[in-house]
Number of protein chains: 2
Amino acid sequence: MARPRNFDEDEVLGCALAAFWRDGFEATTYKGLEVETGVGVRSLHNTFGEKEALFLRVLARYRELAQATLAQVFDPPGVAAIRALLSGMGQPAEGDEAIRNAGCLMVNTVFELGRASDAVRAEVEAYRQMWRDTFRTALEADGIPDAGRRAEFLVGALWGMLSQIRLEGRTEAAAPLAQVTIETVEAWAAGN
Amino acid sequence: MARPRNFDEDEVLGCALAAFWRDGFEATTYKGLEVETGVGVRSLHNTFGEKEALFLRVLARYRELAQATLAQVFDPPGVAAIRALLSGMGQPAEGDEAIRNAGCLMVNTVFELGRASDAVRAEVEAYRQMWRDTFRTALEADGIPDAGRRAEFLVGALWGMLSQIRLEGRTEAAAPLAQVTIETVEAWAAGN
DNA sequence: GTTGTTTTGCATCGCCCGATGCAATATCTG
DNA sequence: CAGATATTGCATCGGGCGATGCAAAACAAC
């Protein structure tokens, strides 16, 4: 047929995910990705199209990764899983330092692109919905009433923690919020 | 002497505050301010210097305005003042629509300029410190123990609410978080 | 080896930004 | 009115971005 690519598409996508996560949409440039990946600007553009198209693929990948992690933590679903998740929020994360303290790509994206592209907003909303459903299912699994409203609160608190992390640049910044949120959930479980 | 200015410096500063608040640092341009204020780019630059200098003046002004409002709400300081403040968070705000749903200029700034200018970071940190001290004083005024740590939590929760507002683009989005935070504060006041 | 197709590298375009030089302009002082 | 001085408007510079045109290069099929 023809000349094959001399880079792995998934690998480049992962690298782009890291860059967008760490630096944000605007600050991440095709030139920068060229340096980081070793793949020429022209090839990147050939493969992924315009910048926003690449970004949307990155967002989708991020959501899939989160989905997979959530499925593990919430198996089985329940208050214990919620507590485990929140406990982890306040502790140092694994992986690359610049990234593990960057908070959440989705939160950062909304702050940066506030009133931008509908496609981006839709992707972020899908992400939020995923969390909402997960919390709700977990609360219902343990027979906790008012699960819908309370799941909504948990999403809010979670995003608050992620904001804190971004604000202070370190994962541990979420600890105070996480701690009190855990206490609240346990009060629910105790019937209050 | 010489030719006088034909614009009011404070007025332009207020306009710049609105623009940065609504659109963020990058999206706010000198050209845009020229259109909005009717003052030429050259004059703006003459008066305020480079863009970051103008931004720093805006941040300082924002903090002073907030300081004044806080002094009113927390007179006298105490749990009641905290409750009043949090109750207000979940309700529709006054003023220009685009701005009242923009959240908090300081929160937005940190998200946008994450690892940028030290001067900006210092200004934001001063703002956080102002809140921390206010909460701490209020808690101590009512004899609530562990005031320092709990004030820290309140700052976190507050910034979480402001994030929520920005995320959803409407003030009411903070309501779930505000409600539970109020309950938590009242539990402290009740001695738990 | 020849042909055909895709990728790749290089150069370039158009755009918008922040910033500045310069000359014309408007006002105050005397 | 005349002179001094700060402001203003215009044109422009330099830079970085996303995006694209084009020809050379690399590989697969035959």
# chains A, B, ... in the order shown; residues from 1 in each chain; ligands from 1

call {"tool": "select_by_dssp", "arguments": {"residues": "range 12-169 of chain A", "states": "helix (DSSP H, G or I)", "output": "VMD selection string"}}
result
chain A and resid 12 to 23 30 to 37 41 to 48 51 to 73 79 to 89 97 to 100 105 to 112 118 to 141 147 to 168

call {"tool": "write_last_selection", "arguments": {"atoms": "C-alpha atoms", "output": "tab-separated table (two decimals), in the first residue's frame"}}
result
chain	number	residue	atom	x	y	z
A	12	VAL	CA	0.99	10.17	21.22
A	13	LEU	CA	-2.55	10.48	22.50
A	14	GLY	CA	-1.39	9.59	25.97
A	15	CYS	CA	1.33	12.18	25.75
A	16	ALA	CA	-1.17	14.80	24.61
A	17	LEU	CA	-3.41	13.87	27.53
A	18	ALA	CA	-0.55	14.52	29.94
A	19	ALA	CA	0.24	17.85	28.31
A	20	PHE	CA	-3.34	19.14	28.29
A	21	TRP	CA	-3.80	17.96	31.86
A	22	ARG	CA	-0.65	19.61	33.08
A	23	ASP	CA	-0.66	22.85	31.07
A	30	TYR	CA	1.32	21.54	18.50
A	31	LYS	CA	4.91	22.72	18.49
A	32	GLY	CA	5.27	21.69	22.11
A	33	LEU	CA	3.81	18.27	21.38
A	34	GLU	CA	6.26	17.93	18.51
A	35	VAL	CA	9.15	18.40	20.89
A	36	GLU	CA	7.66	16.13	23.52
A	37	THR	CA	6.64	13.30	21.24
A	41	VAL	CA	3.65	19.08	13.60
A	42	ARG	CA	2.52	18.13	10.14
A	43	SER	CA	2.03	14.50	11.07
A	44	LEU	CA	0.13	15.41	14.22
A	45	HIS	CA	-2.14	17.61	12.24
A	46	ASN	CA	-2.55	14.96	9.58
A	47	THR	CA	-3.53	12.38	12.15
A	48	PHE	CA	-5.70	14.27	14.60
A	51	LYS	CA	-6.48	21.26	17.86
A	52	GLU	CA	-9.96	21.02	19.29
A	53	ALA	CA	-10.50	17.65	17.64
A	54	LEU	CA	-7.38	16.32	19.32
A	55	PHE	CA	-8.55	17.80	22.61
A	56	LEU	CA	-11.92	16.09	22.34
A	57	ARG	CA	-10.23	12.74	21.78
A	58	VAL	CA	-8.11	13.41	24.83
A	59	LEU	CA	-11.14	14.24	26.94
A	60	ALA	CA	-12.89	11.08	25.83
A	61	ARG	CA	-9.82	9.02	26.69
A	62	TYR	CA	-9.63	10.65	30.10
A	63	ARG	CA	-13.23	9.79	30.82
A	64	GLU	CA	-12.73	6.18	29.78
A	65	LEU	CA	-9.73	5.84	32.05
A	66	ALA	CA	-11.68	7.32	34.95
A	67	GLN	CA	-14.59	5.04	34.18
A	68	ALA	CA	-12.36	2.02	34.44
A	69	THR	CA	-10.90	3.14	37.75
A	70	LEU	CA	-14.33	3.88	39.15
A	71	ALA	CA	-15.57	0.46	38.20
A	72	GLN	CA	-12.79	-1.05	40.29
A	73	VAL	CA	-13.28	1.14	43.35
A	79	VAL	CA	-20.70	3.59	51.44
A	80	ALA	CA	-17.43	1.78	52.03
A	81	ALA	CA	-16.42	2.47	48.44
A	82	ILE	CA	-17.26	6.15	48.83
A	83	ARG	CA	-15.17	6.35	51.97
A	84	ALA	CA	-12.28	4.61	50.27
A	85	LEU	CA	-12.45	7.04	47.38
A	86	LEU	CA	-12.56	10.13	49.59
A	87	SER	CA	-9.77	8.88	51.82
A	88	GLY	CA	-7.59	8.58	48.78
A	89	MET	CA	-8.29	12.18	47.76
A	97	GLU	CA	4.58	14.92	39.92
A	98	ALA	CA	3.44	17.74	37.65
A	99	ILE	CA	0.36	15.77	36.70
A	100	ARG	CA	-0.64	14.29	40.02
A	105	LEU	CA	-8.52	17.65	33.64
A	106	MET	CA	-12.28	18.15	33.41
A	107	VAL	CA	-12.42	20.72	36.19
A	108	ASN	CA	-9.48	22.60	34.76
A	109	THR	CA	-11.06	22.53	31.33
A	110	VAL	CA	-14.31	24.10	32.45
A	111	PHE	CA	-12.45	26.86	34.21
A	112	GLU	CA	-10.31	27.58	31.21
A	118	ASP	CA	-20.46	22.97	23.01
A	119	ALA	CA	-18.71	19.70	22.25
A	120	VAL	CA	-16.31	20.27	25.13
A	121	ARG	CA	-19.10	21.18	27.50
A	122	ALA	CA	-20.95	18.03	26.54
A	123	GLU	CA	-17.93	15.89	27.27
A	124	VAL	CA	-17.49	17.47	30.68
A	125	GLU	CA	-21.15	17.04	31.48
A	126	ALA	CA	-20.93	13.36	30.58
A	127	TYR	CA	-18.07	13.07	33.02
A	128	ARG	CA	-20.07	14.71	35.81
A	129	GLN	CA	-23.00	12.47	35.05
A	130	MET	CA	-20.80	9.42	35.37
A	131	TRP	CA	-19.83	10.47	38.89
A	132	ARG	CA	-23.36	11.36	39.88
A	133	ASP	CA	-24.65	7.96	38.81
A	134	THR	CA	-21.84	6.17	40.56
A	135	PHE	CA	-22.47	7.91	43.88
A	136	ARG	CA	-26.20	7.45	43.61
A	137	THR	CA	-25.89	3.76	42.95
A	138	ALA	CA	-23.52	3.38	45.86
A	139	LEU	CA	-25.85	5.21	48.25
A	140	GLU	CA	-28.86	3.22	47.11
A	141	ALA	CA	-26.93	-0.03	47.46
A	147	ALA	CA	-29.71	9.30	47.27
A	148	GLY	CA	-30.21	11.62	44.30
A	149	ARG	CA	-29.79	14.86	46.22
A	150	ARG	CA	-26.94	13.49	48.26
A	151	ALA	CA	-25.12	12.21	45.20
A	152	GLU	CA	-25.37	15.72	43.81
A	153	PHE	CA	-23.76	17.04	46.97
A	154	LEU	CA	-20.96	14.51	46.74
A	155	VAL	CA	-20.17	15.56	43.20
A	156	GLY	CA	-20.00	19.15	44.40
A	157	ALA	CA	-17.71	18.27	47.27
A	158	LEU	CA	-15.51	16.17	45.04
A	159	TRP	CA	-15.07	18.99	42.56
A	160	GLY	CA	-14.35	21.29	45.44
A	161	MET	CA	-11.51	19.01	46.48
A	162	LEU	CA	-10.15	18.84	42.97
A	163	SER	CA	-10.26	22.62	42.87
A	164	GLN	CA	-8.33	22.80	46.11
A	165	ILE	CA	-5.66	20.53	44.71
A	166	ARG	CA	-5.26	22.71	41.67
A	167	LEU	CA	-5.27	25.85	43.78
A	168	GLU	CA	-2.51	24.77	46.11

call {"tool": "interface_residues", "arguments": {"of": "chain D", "to": "chain A", "cutoff": "12 Å", "atoms": "only C-alpha atoms (C1' of nucleotides)", "output": "NGL selection string"}}
result
:D and (16-21 or 25-30)

call {"tool": "closest_atom_pairs", "arguments": {"of": "chain C", "to": "chain B", "cutoff": "7 Å", "atoms": "only C-alpha atoms (C1' of nucleotides)", "output": "CSV"}}
result
residue,atom,partner,partner_atom,distance
C:DA26,C1',B:Arg3,CA,5.7
C:DT27,C1',B:Arg3,CA,4.1
C:DC28,C1',B:Met1,CA,4.6
C:DT29,C1',B:Met1,CA,6.5

call {"tool": "closest_residue", "arguments": {"among": "B:Pro176, B:Gly78, B:Gly191, B:Gly143", "to": "chain A", "atoms": "only C-alpha atoms"}}
result
B:Pro176

call {"tool": "residues_around", "arguments": {"residues": "DC13 in chain D", "least_positions_apart": "6", "cutoff": "12 Å", "atoms": "only C-alpha atoms (C1' of nucleotides)", "output": "PyMOL selection string"}}
result
chain C and resi 18-21

call {"tool": "write_last_selection", "arguments": {"atoms": "C-alpha atoms (C1' of nucleotides)", "output": "tab-separated table (two decimals), in the first residue's frame"}}
result
chain	number	residue	atom	x	y	z
C	18	DG	C1'	1.20	43.10	23.68
C	19	DA	C1'	4.02	46.75	23.26
C	20	DT	C1'	6.24	51.07	21.52
C	21	DG	C1'	7.87	55.34	18.50

call {"tool": "residues_around", "arguments": {"residues": "Ala190 in chain A", "least_positions_apart": "2", "cutoff": "12 Å", "atoms": "only C-alpha atoms (C1' of nucleotides)", "output": "list of chain:residue names"}}
result
A:Val79, A:Asp142, A:Gly143, A:Ile144, A:Pro145, A:Glu183, A:Thr184, A:Val185, A:Glu186, A:Ala187, A:Trp188, A:Asn192

call {"tool": "write_last_selection", "arguments": {"atoms": "C-alpha atoms", "output": "PDB file, in the first residue's frame"}}
result
ATOM      1  CA  VAL A  79     -20.699   3.590  51.438  1.00  0.00           C
ATOM      2  CA  ASP A 142     -26.702   0.633  51.187  1.00  0.00           C
ATOM      3  CA  GLY A 143     -30.295   1.767  51.421  1.00  0.00           C
ATOM      4  CA  ILE A 144     -29.473   5.403  52.165  1.00  0.00           C
ATOM      5  CA  PRO A 145     -32.461   7.670  51.465  1.00  0.00           C
ATOM      6  CA  GLU A 183     -17.886  12.218  58.367  1.00  0.00           C
ATOM      7  CA  THR A 184     -21.011  13.466  56.649  1.00  0.00           C
ATOM      8  CA  VAL A 185     -21.420  10.271  54.656  1.00  0.00           C
ATOM      9  CA  GLU A 186     -20.997   8.184  57.771  1.00  0.00           C
ATOM     10  CA  ALA A 187     -23.648  10.241  59.510  1.00  0.00           C
ATOM     11  CA  TRP A 188     -25.978   9.381  56.650  1.00  0.00           C
ATOM     12  CA  ASN A 192     -28.919  10.957  60.535  1.00  0.00           C
TER      13      ASN A 192
END

call {"tool": "closest_residue", "arguments": {"among": "B:Asp146, B:Ala27, B:Leu177, B:Ile182", "to": "chain A", "atoms": "only C-alpha atoms"}}
result
B:Leu177

call {"tool": "closest_residue", "arguments": {"among": "B:Asp10, B:Gly40, B:Asp96, B:Phe25", "to": "chain A", "atoms": "only C-alpha atoms"}}
result
B:Phe25

call {"tool": "atom_distance", "arguments": {"atom1": "CA of Phe7 in chain B", "atom2": "C1' of DA2 in chain D"}}
result
27.7 Å

call {"tool": "atom_distance", "arguments": {"atom1": "CA of Gly90 in chain B", "atom2": "CA of Gly169 in chain B"}}
result
12.5 Å

call {"tool": "closest_residue", "arguments": {"among": "A:Gly95, A:Pro77, A:Gly38, A:Gly103", "to": "chain B", "atoms": "only C-alpha atoms"}}
result
A:Gly103

call {"tool": "atom_distance", "arguments": {"atom1": "CA of Pro92 in chain B", "atom2": "CA of Gly24 in chain B"}}
result
21.6 Å

call {"tool": "closest_residue", "arguments": {"among": "B:Thr28, B:Ala102, B:Ser117, B:Ala189", "to": "chain A", "atoms": "only C-alpha atoms"}}
result
B:Ala102
